[in-house]
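Have a look at my_file_33.txt; it's compact mmCIF, C-alpha atoms:
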# COMPACT_ATOMS: atom_id res chain seq x y z
CA MET A 130 -92.41 27.67 -23.85
CA HIS A 131 -90.85 30.76 -22.31
CA PHE A 132 -89.41 28.59 -19.51
CA SER A 133 -87.86 26.22 -22.04
CA ARG A 134 -86.18 29.03 -23.99
CA SER A 135 -84.81 30.46 -20.72
CA CYS A 136 -83.37 27.08 -19.77
CA GLY A 137 -81.80 26.74 -23.19
CA PHE A 138 -80.24 30.18 -22.95
CA LEU A 139 -78.84 29.44 -19.48
CA ALA A 140 -77.45 26.09 -20.64
CA MET A 141 -75.82 27.75 -23.64
CA LEU A 142 -74.36 30.47 -21.42
CA ALA A 143 -73.00 27.86 -19.01
CA GLY A 144 -71.46 26.02 -21.94
CA TYR A 145 -69.67 29.14 -23.15
CA LEU A 146 -68.38 29.81 -19.65
CA LEU A 147 -67.10 26.25 -19.21
CA ALA A 148 -65.47 26.34 -22.63
CA ALA A 149 -63.69 29.53 -21.67
CA ILE A 150 -62.60 28.30 -18.25
CA PHE A 151 -61.79 24.65 -18.96
CA PRO A 152 -58.80 25.22 -21.31
CA MET A 153 -57.20 27.40 -18.65
CA ALA A 154 -57.61 24.64 -16.06
CA VAL A 155 -56.11 22.09 -18.43
CA ALA A 156 -53.22 24.38 -19.31
CA GLN A 157 -52.30 24.76 -15.63
CA GLU A 158 -52.42 21.04 -14.89
CA GLU A 159 -49.13 19.15 -14.90
CA PRO A 160 -48.77 16.53 -17.62
CA LYS A 161 -49.04 12.95 -16.35
CA SER A 162 -46.94 11.49 -19.18
CA TRP A 163 -45.15 12.61 -22.30
CA VAL A 164 -42.60 11.45 -24.85
CA ASP A 165 -39.29 13.22 -24.38
CA PRO A 166 -38.72 14.96 -27.73
CA ASP A 167 -34.93 14.66 -27.39
CA THR A 168 -34.81 10.93 -26.65
CA GLY A 169 -38.09 9.38 -27.79
CA HIS A 170 -38.64 7.73 -24.39
CA LYS A 171 -41.93 7.93 -22.51
CA VAL A 172 -41.79 9.70 -19.14
CA ILE A 173 -44.53 9.16 -16.54
CA GLN A 174 -45.30 11.16 -13.42
CA LEU A 175 -45.82 8.35 -10.91
CA THR A 176 -46.96 10.32 -7.85
CA LYS A 177 -49.64 12.96 -7.34
CA GLU A 178 -48.58 14.42 -3.99
CA PRO A 179 -46.30 17.50 -4.10
CA GLY A 180 -43.18 16.77 -2.09
CA SER A 181 -43.34 13.03 -2.77
CA ALA A 182 -40.05 11.21 -3.30
CA SER A 183 -38.64 7.77 -4.08
CA LEU A 184 -36.08 6.38 -1.65
CA TYR A 185 -32.37 7.12 -1.69
CA PHE A 186 -30.75 5.39 -4.67
CA ASN A 187 -29.27 2.38 -2.85
CA GLU A 188 -32.13 1.71 -0.40
CA ASN A 189 -34.69 -0.95 -1.29
CA GLY A 190 -38.09 0.59 -1.99
CA TYR A 191 -39.59 -2.37 -3.87
CA THR A 192 -41.73 -5.23 -2.55
CA PRO A 193 -40.33 -8.77 -2.87
CA ASP A 194 -42.65 -9.58 -5.78
CA GLY A 195 -41.28 -6.56 -7.65
CA LYS A 196 -44.74 -5.22 -8.42
CA ARG A 197 -44.98 -2.32 -5.98
CA MET A 198 -42.83 0.53 -4.69
CA ILE A 199 -43.01 2.70 -1.61
CA TYR A 200 -42.48 6.43 -1.72
CA THR A 201 -42.57 9.15 0.90
CA THR A 202 -44.93 12.10 1.13
CA PRO A 203 -45.15 15.01 3.59
CA GLY A 204 -47.84 12.98 5.39
CA GLY A 205 -46.15 9.59 5.63
CA ILE A 206 -45.35 6.61 3.39
CA SER A 207 -47.38 5.43 0.40
CA LEU A 208 -47.38 2.31 -1.79
CA LEU A 209 -47.55 2.48 -5.59
CA ASP A 210 -48.66 -0.35 -7.87
CA LEU A 211 -46.17 -0.30 -10.76
CA THR A 212 -48.69 -1.80 -13.19
CA THR A 213 -51.81 0.26 -12.52
CA PHE A 214 -50.07 3.23 -10.88
CA ALA A 215 -52.73 3.16 -8.16
CA ALA A 216 -51.42 4.39 -4.80
CA LYS A 217 -52.46 4.11 -1.19
CA GLN A 218 -51.05 5.46 2.05
CA VAL A 219 -49.69 2.71 4.30
CA VAL A 220 -48.09 4.75 7.10
CA GLN A 221 -49.32 8.09 8.36
CA GLY A 222 -47.51 10.59 10.54
CA ASP A 223 -44.08 12.00 11.27
CA VAL A 224 -41.94 9.03 10.32
CA ARG A 225 -38.65 8.35 8.55
CA ALA A 226 -38.69 5.57 5.97
CA ILE A 227 -35.85 3.03 6.10
CA ALA A 228 -36.60 0.32 3.52
CA VAL A 229 -38.94 -2.42 2.34
CA GLY A 230 -38.15 -5.94 3.52
CA ARG A 231 -36.63 -8.32 0.99
CA LYS A 232 -38.63 -11.32 2.25
CA THR A 233 -42.03 -9.82 3.05
CA PRO A 234 -44.01 -6.74 1.91
CA THR A 235 -43.10 -4.91 5.12
CA VAL A 236 -42.00 -1.31 5.39
CA PHE A 237 -39.61 -0.40 8.19
CA TYR A 238 -39.53 3.14 9.55
CA VAL A 239 -38.68 5.26 12.57
CA LYS A 240 -41.31 7.27 14.42
CA ARG A 241 -39.54 10.53 15.10
CA GLY A 242 -41.39 11.53 18.24
CA GLU A 243 -40.47 8.26 19.94
CA ASN A 244 -37.16 7.59 18.12
CA ALA A 245 -38.35 4.00 17.85
CA LEU A 246 -38.25 1.50 15.00
CA TYR A 247 -41.59 0.26 13.64
CA SER A 248 -42.76 -2.05 10.89
CA THR A 249 -46.02 -2.22 8.93
CA GLN A 250 -47.09 -5.20 6.83
CA MET A 251 -48.44 -3.42 3.77
CA ASP A 252 -51.05 -6.02 2.76
CA THR A 253 -52.63 -6.45 6.18
CA GLY A 254 -51.79 -3.11 7.80
CA GLU A 255 -50.43 -4.93 10.85
CA THR A 256 -48.09 -2.53 12.65
CA ARG A 257 -45.53 -3.43 15.28
CA LYS A 258 -43.16 -1.45 17.45
CA ILE A 259 -39.83 -3.24 17.21
CA GLY A 260 -37.86 -1.28 19.78
CA ASP A 261 -36.50 2.01 21.01
CA LEU A 262 -33.28 3.21 19.42
CA PRO A 263 -30.19 3.84 21.55
CA LYS A 264 -29.74 7.41 22.76
CA ARG A 265 -28.93 9.56 19.72
CA GLY A 266 -29.27 6.48 17.54
CA ARG A 267 -30.24 6.36 13.86
CA ILE A 268 -31.30 3.22 11.99
CA ALA A 269 -30.01 3.06 8.40
CA THR A 270 -30.67 -0.40 6.95
CA ILE A 271 -32.49 -3.75 7.23
CA ASN A 272 -30.81 -7.06 6.46
CA ALA A 273 -31.76 -9.61 3.82
CA ASP A 274 -33.77 -12.01 6.01
CA GLU A 275 -35.42 -9.25 8.08
CA THR A 276 -33.80 -10.28 11.35
CA LEU A 277 -31.53 -7.28 11.95
CA ALA A 278 -31.42 -3.53 11.53
CA ALA A 279 -28.20 -1.55 11.75
CA GLY A 280 -27.35 2.04 12.55
CA THR A 281 -25.03 4.39 14.40
CA TYR A 282 -25.04 6.76 17.33
CA VAL A 283 -22.74 9.45 18.69
CA GLU A 284 -21.39 8.56 22.12
CA GLY A 285 -21.28 11.29 24.73
CA GLU A 286 -22.55 14.82 24.31
CA GLY A 287 -20.70 15.99 21.19
CA LYS A 288 -22.52 18.07 18.58
CA ASP A 289 -25.13 16.15 16.61
CA TYR A 290 -24.65 17.04 12.95
CA ASN A 291 -27.97 15.40 12.09
CA GLU A 292 -29.87 18.14 13.91
CA PRO A 293 -31.49 20.83 11.71
CA ARG A 294 -29.19 23.76 10.97
CA PRO A 295 -29.80 27.10 9.27
CA GLY A 296 -29.72 26.72 5.48
CA VAL A 297 -29.98 22.93 5.57
CA ALA A 298 -33.00 21.30 3.95
CA ALA A 299 -35.08 19.04 6.18
CA ALA A 300 -34.86 15.31 5.62
CA GLY A 301 -38.64 15.02 5.42
CA GLN A 302 -39.77 11.40 5.56
CA GLN A 303 -36.36 10.03 4.61
CA GLY A 304 -32.99 9.63 6.23
CA HIS A 305 -31.35 11.89 3.67
CA SER A 306 -32.27 15.50 2.91
CA LEU A 307 -34.23 15.73 -0.32
CA GLU A 308 -32.19 18.78 -1.31
CA VAL A 309 -28.44 19.23 -0.90
CA PRO A 310 -27.71 21.89 1.76
CA PRO A 311 -25.79 24.91 0.47
CA ASN A 312 -23.11 24.54 3.15
CA LYS A 313 -22.63 20.78 2.81
CA GLY A 314 -18.90 20.99 2.03
CA GLU A 315 -18.23 23.13 5.08
CA MET A 316 -20.28 20.78 7.27
CA MET A 317 -18.42 17.72 5.95
CA GLU A 318 -15.06 19.26 6.80
CA GLU A 319 -16.24 20.31 10.25
CA ARG A 320 -17.76 16.94 11.08
CA LEU A 321 -14.70 14.98 9.94
CA ALA A 322 -12.42 17.14 12.08
CA ALA A 323 -14.66 16.73 15.13
CA LYS A 324 -13.59 13.06 15.62
CA LEU A 325 -16.68 12.34 17.70
CA PRO A 326 -16.77 8.93 19.43
CA MET A 327 -19.31 6.80 17.56
CA ALA A 328 -20.74 3.30 17.75
CA MET A 329 -22.20 1.12 15.03
CA PHE A 330 -24.96 -1.13 16.35
CA THR A 331 -27.41 -3.79 15.29
CA MET A 332 -30.99 -4.21 16.50
CA ASP A 333 -32.69 -7.62 16.66
CA LEU A 334 -35.97 -7.22 14.78
CA ARG A 335 -37.61 -9.97 16.84
CA THR A 336 -36.75 -8.67 20.31
CA GLY A 337 -35.81 -5.00 19.76
CA GLU A 338 -32.51 -5.59 21.57
CA SER A 339 -29.57 -3.42 20.43
CA ARG A 340 -25.86 -4.11 20.72
CA PRO A 341 -22.78 -2.20 19.49
CA ILE A 342 -20.50 -3.96 17.00
CA LEU A 343 -17.91 -1.24 16.28
CA HIS A 344 -16.56 1.80 18.14
CA SER A 345 -14.66 4.52 16.29
CA THR A 346 -13.83 8.22 16.22
CA ASP A 347 -14.12 8.14 12.43
CA TRP A 348 -17.42 9.36 11.02
CA LEU A 349 -19.43 6.18 10.31
CA ASN A 350 -22.24 6.59 7.79
CA HIS A 351 -24.22 5.11 4.87
CA LEU A 352 -24.72 1.65 6.33
CA LEU A 353 -26.24 -0.83 3.86
CA PHE A 354 -26.82 -4.54 4.35
CA SER A 355 -26.20 -6.94 1.48
CA PRO A 356 -29.41 -7.81 -0.42
CA THR A 357 -28.58 -11.54 -0.12
CA ASP A 358 -26.21 -12.15 2.81
CA PRO A 359 -27.94 -11.31 6.14
CA ALA A 360 -24.61 -10.85 7.92
CA ALA A 361 -22.77 -8.69 5.36
CA LEU A 362 -22.86 -4.95 6.05
CA MET A 363 -21.30 -2.20 3.97
CA TYR A 364 -20.59 1.24 5.43
CA CYS A 365 -18.43 4.27 4.82
CA HIS A 366 -15.96 6.48 6.59
CA GLU A 367 -17.73 9.74 5.79
CA GLY A 368 -16.16 13.10 5.04
CA PRO A 369 -14.69 14.92 2.03
CA TRP A 370 -13.98 11.96 -0.25
CA GLN A 371 -10.37 12.99 -1.02
CA LYS A 372 -9.57 12.85 2.72
CA VAL A 373 -11.01 9.44 3.66
CA ASP A 374 -10.67 5.81 2.70
CA ARG A 375 -14.42 5.61 2.36
CA ILE A 376 -15.84 2.16 1.51
CA TRP A 377 -15.75 -0.68 4.06
CA THR A 378 -17.50 -3.94 4.87
CA ILE A 379 -18.04 -5.62 8.24
CA ARG A 380 -19.90 -8.68 9.48
CA ALA A 381 -22.99 -8.20 11.61
CA ASP A 382 -21.14 -9.61 14.64
CA GLY A 383 -18.40 -6.97 14.31
CA SER A 384 -15.80 -9.21 12.70
CA GLY A 385 -14.13 -8.92 9.30
CA ASN A 386 -13.78 -5.14 9.13
CA THR A 387 -12.39 -4.67 5.60
CA LEU A 388 -11.43 -1.70 3.42
CA VAL A 389 -12.91 -2.13 -0.07
CA HIS A 390 -10.97 0.52 -2.02
CA LYS A 391 -7.55 1.89 -1.07
CA ARG A 392 -6.46 4.98 -2.98
CA THR A 393 -3.21 4.91 -4.94
CA MET A 394 -3.22 8.55 -6.10
CA ALA A 395 -3.47 11.90 -4.34
CA MET A 396 -6.98 13.38 -4.78
CA GLU A 397 -8.40 10.01 -5.85
CA ILE A 398 -12.00 9.67 -4.69
CA ALA A 399 -14.44 6.77 -4.39
CA GLY A 400 -17.99 6.81 -3.09
CA HIS A 401 -21.78 6.54 -3.52
CA GLU A 402 -21.36 2.81 -3.16
CA PHE A 403 -24.12 0.26 -3.72
CA TRP A 404 -24.62 -3.51 -3.88
CA SER A 405 -25.43 -5.51 -6.99
CA ALA A 406 -28.77 -7.31 -6.69
CA ASP A 407 -27.05 -10.69 -6.21
CA GLY A 408 -24.88 -9.32 -3.40
CA LYS A 409 -21.68 -10.39 -5.14
CA THR A 410 -20.36 -6.97 -6.19
CA ILE A 411 -19.99 -3.54 -4.60
CA TRP A 412 -20.16 -0.78 -7.23
CA TYR A 413 -19.06 2.81 -6.71
CA ASP A 414 -18.13 6.11 -8.34
CA LEU A 415 -14.34 6.27 -8.83
CA GLN A 416 -12.39 9.31 -10.01
CA VAL A 417 -8.61 9.27 -10.53
CA PRO A 418 -8.04 12.05 -9.70
CA LYS A 419 -11.12 13.91 -8.50
CA GLY A 420 -13.03 15.60 -11.30
CA GLN A 421 -10.72 14.39 -14.11
CA VAL A 422 -11.09 10.73 -15.08
CA PHE A 423 -14.34 8.90 -14.34
CA TYR A 424 -15.20 5.25 -13.73
CA VAL A 425 -17.92 3.11 -12.25
CA ALA A 426 -15.83 0.56 -10.36
CA GLY A 427 -16.81 -2.89 -9.15
CA TYR A 428 -15.34 -5.02 -6.35
CA GLN A 429 -16.16 -8.73 -6.18
CA VAL A 430 -16.65 -9.39 -2.47
CA GLU A 431 -15.59 -13.06 -2.48
CA THR A 432 -12.68 -12.94 -4.94
CA GLY A 433 -11.44 -9.34 -4.70
CA GLU A 434 -11.57 -9.05 -8.51
CA ARG A 435 -12.01 -5.50 -9.77
CA THR A 436 -13.71 -4.07 -12.87
CA TRP A 437 -13.60 -0.41 -13.93
CA TYR A 438 -16.01 0.96 -16.55
CA HIS A 439 -14.87 4.26 -18.02
CA LEU A 440 -17.35 7.02 -18.91
CA ASP A 441 -17.14 10.55 -20.29
CA ARG A 442 -17.37 13.73 -18.25
CA ASN A 443 -20.90 14.57 -19.42
CA GLU A 444 -22.05 11.03 -18.55
CA TRP A 445 -20.80 11.16 -14.97
CA SER A 446 -23.75 10.97 -12.59
CA ILE A 447 -24.35 11.85 -8.95
CA HIS A 448 -25.68 8.32 -8.46
CA PHE A 449 -25.43 5.17 -10.51
CA ASN A 450 -27.42 1.97 -10.24
CA THR A 451 -27.70 -1.42 -11.90
CA SER A 452 -30.51 -3.66 -13.12
CA ARG A 453 -31.36 -6.86 -11.25
CA ASP A 454 -29.56 -9.04 -13.82
CA GLY A 455 -26.52 -6.74 -13.90
CA SER A 456 -26.69 -6.24 -17.68
CA LEU A 457 -27.51 -2.52 -17.57
CA PHE A 458 -26.59 0.52 -15.49
CA CYS A 459 -28.25 3.90 -15.13
CA GLY A 460 -27.19 7.35 -13.97
CA ASP A 461 -28.91 10.57 -12.99
CA GLY A 462 -26.46 13.03 -14.53
CA GLY A 463 -25.45 16.33 -12.96
CA ASP A 464 -25.16 20.03 -13.64
CA SER A 465 -22.03 22.11 -14.16
CA GLY A 466 -21.79 22.80 -10.42
CA GLN A 467 -21.10 19.15 -9.62
CA VAL A 468 -17.66 17.59 -9.28
CA ALA A 469 -17.45 16.66 -12.98
CA LYS A 470 -18.17 20.25 -14.09
CA ALA A 471 -20.05 18.73 -17.03
CA PRO A 472 -21.13 21.23 -19.71
CA ASP A 473 -23.94 18.91 -20.90
CA GLY A 474 -24.67 16.49 -18.07
CA ARG A 475 -28.35 17.12 -17.29
CA TRP A 476 -29.76 13.78 -18.42
CA ILE A 477 -31.08 10.52 -17.08
CA TYR A 478 -28.77 7.95 -18.67
CA LEU A 479 -28.90 4.28 -19.58
CA PHE A 480 -25.49 2.59 -19.76
CA ARG A 481 -24.60 -0.65 -21.54
CA PRO A 482 -21.36 -1.99 -20.06
CA GLU A 483 -18.78 -3.32 -22.49
CA MET A 484 -15.53 -5.05 -21.58
CA ILE A 485 -12.34 -4.01 -23.38
CA HIS A 486 -10.61 -6.95 -25.01
CA SER A 487 -7.16 -7.50 -23.54
CA SER A 488 -4.20 -8.62 -25.60
CA GLY A 489 -1.69 -7.57 -22.97
CA ALA A 490 -0.14 -9.10 -19.88
CA GLU A 491 -2.55 -10.93 -17.60
CA SER A 492 -2.45 -11.08 -13.82
CA ALA A 493 -5.01 -11.95 -11.18
CA GLY A 494 -4.35 -8.61 -9.50
CA LEU A 495 -5.00 -6.40 -12.52
CA VAL A 496 -8.16 -4.35 -12.91
CA ARG A 497 -10.46 -5.57 -15.71
CA PRO A 498 -11.13 -2.55 -17.98
CA GLY A 499 -14.42 -1.69 -19.62
CA VAL A 500 -16.44 1.20 -20.95
CA PHE A 501 -20.04 2.42 -20.70
CA ARG A 502 -22.01 2.98 -23.92
CA ALA A 503 -24.46 5.72 -22.98
CA GLU A 504 -28.01 6.42 -24.12
CA LYS A 505 -29.86 9.57 -23.05
CA LEU A 506 -33.33 8.86 -21.66
CA VAL A 507 -34.68 12.10 -20.16
CA ASN A 508 -33.69 15.70 -20.75
CA MET A 509 -33.22 17.16 -17.25
CA SER A 510 -32.43 20.71 -18.33
CA LYS A 511 -35.41 22.01 -16.31
CA HIS A 512 -34.41 20.04 -13.21
CA ASP A 513 -32.69 21.84 -10.33
CA TYR A 514 -29.89 19.51 -9.22
CA LYS A 515 -30.08 20.75 -5.65
CA LEU A 516 -32.50 17.83 -5.64
CA GLU A 517 -30.58 14.67 -6.47
CA PRO A 518 -32.69 12.39 -8.74
CA ASN A 519 -31.56 9.08 -7.13
CA VAL A 520 -32.15 6.67 -10.02
CA SER A 521 -33.16 3.02 -9.65
CA PHE A 522 -34.36 0.29 -12.00
CA THR A 523 -37.75 -1.26 -11.35
CA PRO A 524 -37.31 -4.98 -10.56
CA ASP A 525 -38.60 -6.02 -14.00
CA GLY A 526 -36.00 -3.79 -15.67
CA LYS A 527 -38.59 -2.00 -17.80
CA MET A 528 -38.41 1.43 -16.19
CA ILE A 529 -36.00 3.73 -14.37
CA VAL A 530 -37.47 5.63 -11.42
CA PHE A 531 -36.19 9.01 -10.22
CA ARG A 532 -37.18 12.15 -8.32
CA SER A 533 -37.48 15.47 -10.07
CA ASN A 534 -38.61 19.06 -9.67
CA MET A 535 -38.61 19.67 -13.44
CA LEU A 536 -42.25 20.80 -13.30
CA GLY A 537 -41.92 22.73 -10.05
CA ASP A 538 -42.97 20.49 -7.16
CA ILE A 539 -40.99 17.37 -6.26
CA HIS A 540 -42.57 14.20 -7.66
CA VAL A 541 -41.49 10.67 -8.55
CA TYR A 542 -41.12 9.93 -12.26
CA GLY A 543 -40.42 6.87 -14.35
CA VAL A 544 -38.93 6.59 -17.83
CA LYS A 545 -39.81 3.58 -19.96
CA LEU A 546 -36.98 1.58 -21.48
CA GLU A 547 -39.16 -0.20 -24.06

Written form, structure tokens:
Amino acid sequence: MHFSRSCGFLAMLAGYLLAAIFPMAVAQEEPKSWVDPDTGHKVIQLTKEPGSASLYFNENGYTPDGKRMIYTTPGGISLLDLTTFAAKQVVQGDVRAIAVGRKTPTVFYVKRGENALYSTQMDTGETRKIGDLPKRGRIATINADETLAAGTYVEGEGKDYNEPRPGVAAAGQQGHSLEVPPNKGEMMEERLAAKLPMAMFTMDLRTGESRPILHSTDWLNHLLFSPTDPAALMYCHEGPWQKVDRIWTIRADGSGNTLVHKRTMAMEIAGHEFWSADGKTIWYDLQVPKGQVFYVAGYQVETGERTWYHLDRNEWSIHFNTSRDGSLFCGDGGDSGQVAKAPDGRWIYLFRPEMIHSSGAESAGLVRPGVFRAEKLVNMSKHDYKLEPNVSFTPDGKMIVFRSNMLGDIHVYGVKLE
């Protein structure tokens, strides 16, 4: 009897202690989902690992069936089921993620220690070394039928601006730094002026053989294959946007080098270009002039037809993106330190494009005008925009995915559109 009373007392004491401790543990735990009180949209924390991040906004991180998404962690590359939110690691080690194949559930990545391109089939785990990169080479993109990769390298012994520098955030498991370096503007000016000899190259994914397709002393960057045409490659002349004609296309054999947007005004800027899902349109941020009037501009690759959607200063975003069917756009906003100097720009946005009816003169060469009707999805007032959110639509169009440090550590989040 005495033993029983002692056990009861100990159990009661343990209960009091747990009751006292447990609320503290819950209070310190990050919320996994919530309804944004300012917008009414549900926000979900998709990843558990601190330092995890979705891919750069225009790189494909989704499997061909649209049901899964890769993300990077400090320990490698993981795969997330977009229905169950279950995750598993598919690549371990010091690697740099490139993209997911558009034909097969294969992730392509570079092993840093070897500077070699690898692939891993995410269902079977089969891993293959594709080939060693050229000296000082960097792979940027994989083509639509998974036959070619493309990248660049600096020729000779000039300074490599991709090497770590004081004050510059590490790129982690991605080709782009997760956080914007504080001296980025100075670096951009310095690199543009350096006029280093560069080559653009392709690598055969079957044989690992590399060959140059373009030589230049311009700074070649941001290569991105078309999602549908295996031979169409977009790239940019990098540098301060007001000093370069930035957006170009070229064929994978080196032919057809074409400027997409030619400025017509001093201080006009165009950049952060991306393909539509059908590969027919190149979209980009256009400002005429810089920091004053804002558009998301589209260029039809086959016809040359142009469409400009106007948006307000607060709605300008560091990156824009479009849904698979092209009916919606999204943006990741920006703080007052960005080029738009927006007083109230810290939001994840949904944009509904609307054409402006024309009753004026018509000409095949005129830009087709439109406007974005904006809806705020997520209040990003607690987000530090040194980390760019890099928005993308899930393939089913039901959620927008982005990175954020709004709760402290970097994680991947999704906001429901339903």

Practice prompt. Compare A:Thr253, A:Asn187, A:Ser405, A:Ser384 by their minimum atom-to-atom distance to Leu352 in chain A, counting only C-alpha atoms, and give me the closest one.
Written response: A:Asn187

Worksheet item: Counting all atoms listed in the file, which residues come within 8 Å of (-35.1, -11.3, 9.6), with the point read in the file's coordinates, and could you list them as number ranges by chain?
Response: A: 272-277, 334-335, 359

Discussion item. I'd like to know which of A:Arg392, A:Met484, A:Val417, A:Gly499 is closest to Leu440 in chain A, using all atoms listed in the file.
Written reply: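 Smallest separation from Leu440 in chain A among the options: A:Gly499.
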
Discussion item. Quick one: residues within 10 Å of Tyr514 in chain A, all atoms listed in the file, excluding same-chain residues fewer than 5 positions away - as an MDAnalysis selection string?
Written reply: chainID A and resid 308:309 447 461:467 475 509 533:535

For the residues in the current selection, export C-alpha atoms as a short mmCIF file (atom, residue, chain, number, x, y, z; two decimals), keeping the file's coordinate frame.
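The resulting selection.cif:
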data_model
loop_
_atom_site.label_atom_id
_atom_site.label_comp_id
_atom_site.auth_asym_id
_atom_site.auth_seq_id
_atom_site.Cartn_x
_atom_site.Cartn_y
_atom_site.Cartn_z
CA GLU A 308 -32.19 18.78 -1.31
CA VAL A 309 -28.44 19.23 -0.90
CA ILE A 447 -24.35 11.85 -8.95
CA ASP A 461 -28.91 10.57 -12.99
CA GLY A 462 -26.46 13.03 -14.53
CA GLY A 463 -25.45 16.33 -12.96
CA ASP A 464 -25.16 20.03 -13.64
CA SER A 465 -22.03 22.11 -14.16
CA GLY A 466 -21.79 22.80 -10.42
CA GLN A 467 -21.10 19.15 -9.62
CA ARG A 475 -28.35 17.12 -17.29
CA MET A 509 -33.22 17.16 -17.25
CA SER A 533 -37.48 15.47 -10.07
CA ASN A 534 -38.61 19.06 -9.67
CA MET A 535 -38.61 19.67 -13.44
#

Discussion item. One decimal, in Å: what's the spacing between CA of Gln218 in chain A and CA of Val544 in chain A?
Written reply: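 Value for the CA of Gln218 in chain A-CA of Val544 in chain A distance: 23.3 Å.
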
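Residues in contact range of Glu402 in chain A, defined as at most 9 Å between only C-alpha atoms, with sequence neighbours fewer than 6 positions away removed, read Asn187, His351, Met363, Tyr364, Cys365, Ile376, Ile411, Trp412, Tyr413, Asp414, His448 and Phe449 of chain A.
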
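Compared by their closest atoms to Ala503 in chain A, and using all atoms listed in the file, the residues A:Phe354, A:Tyr200, A:Trp404, A:Trp476 rank with A:Trp476 nearest.
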
Discussion item. From the options A:Pro341, A:Gly204, A:Gly455, A:Gly408, which residue's atoms come nearest to Ala226 in chain A, counting all atoms listed in the file?
Written reply: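 For Ala226 in chain A, the nearest of the given residues is A:Gly204.
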
Response to the item:
If you count only C-alpha atoms, the residue of A:Asp374, A:Asp261, A:Asp358, A:Glu397 closest to Thr336 in chain A turns out to be A:Asp261

Discussion item. Just checking: using all atoms listed in the file, which residue out of A:Glu178, A:Lys545, A:Val500, A:Val430 ends up closest to Ile379 in chain A?
Written reply: A:Val430

Practice prompt. For CA of Thr256 in chain A and CA of Ala216 in chain A, determine how far apart the two atoms are, in Å to one decimal place.
Written response: 19.1 Å
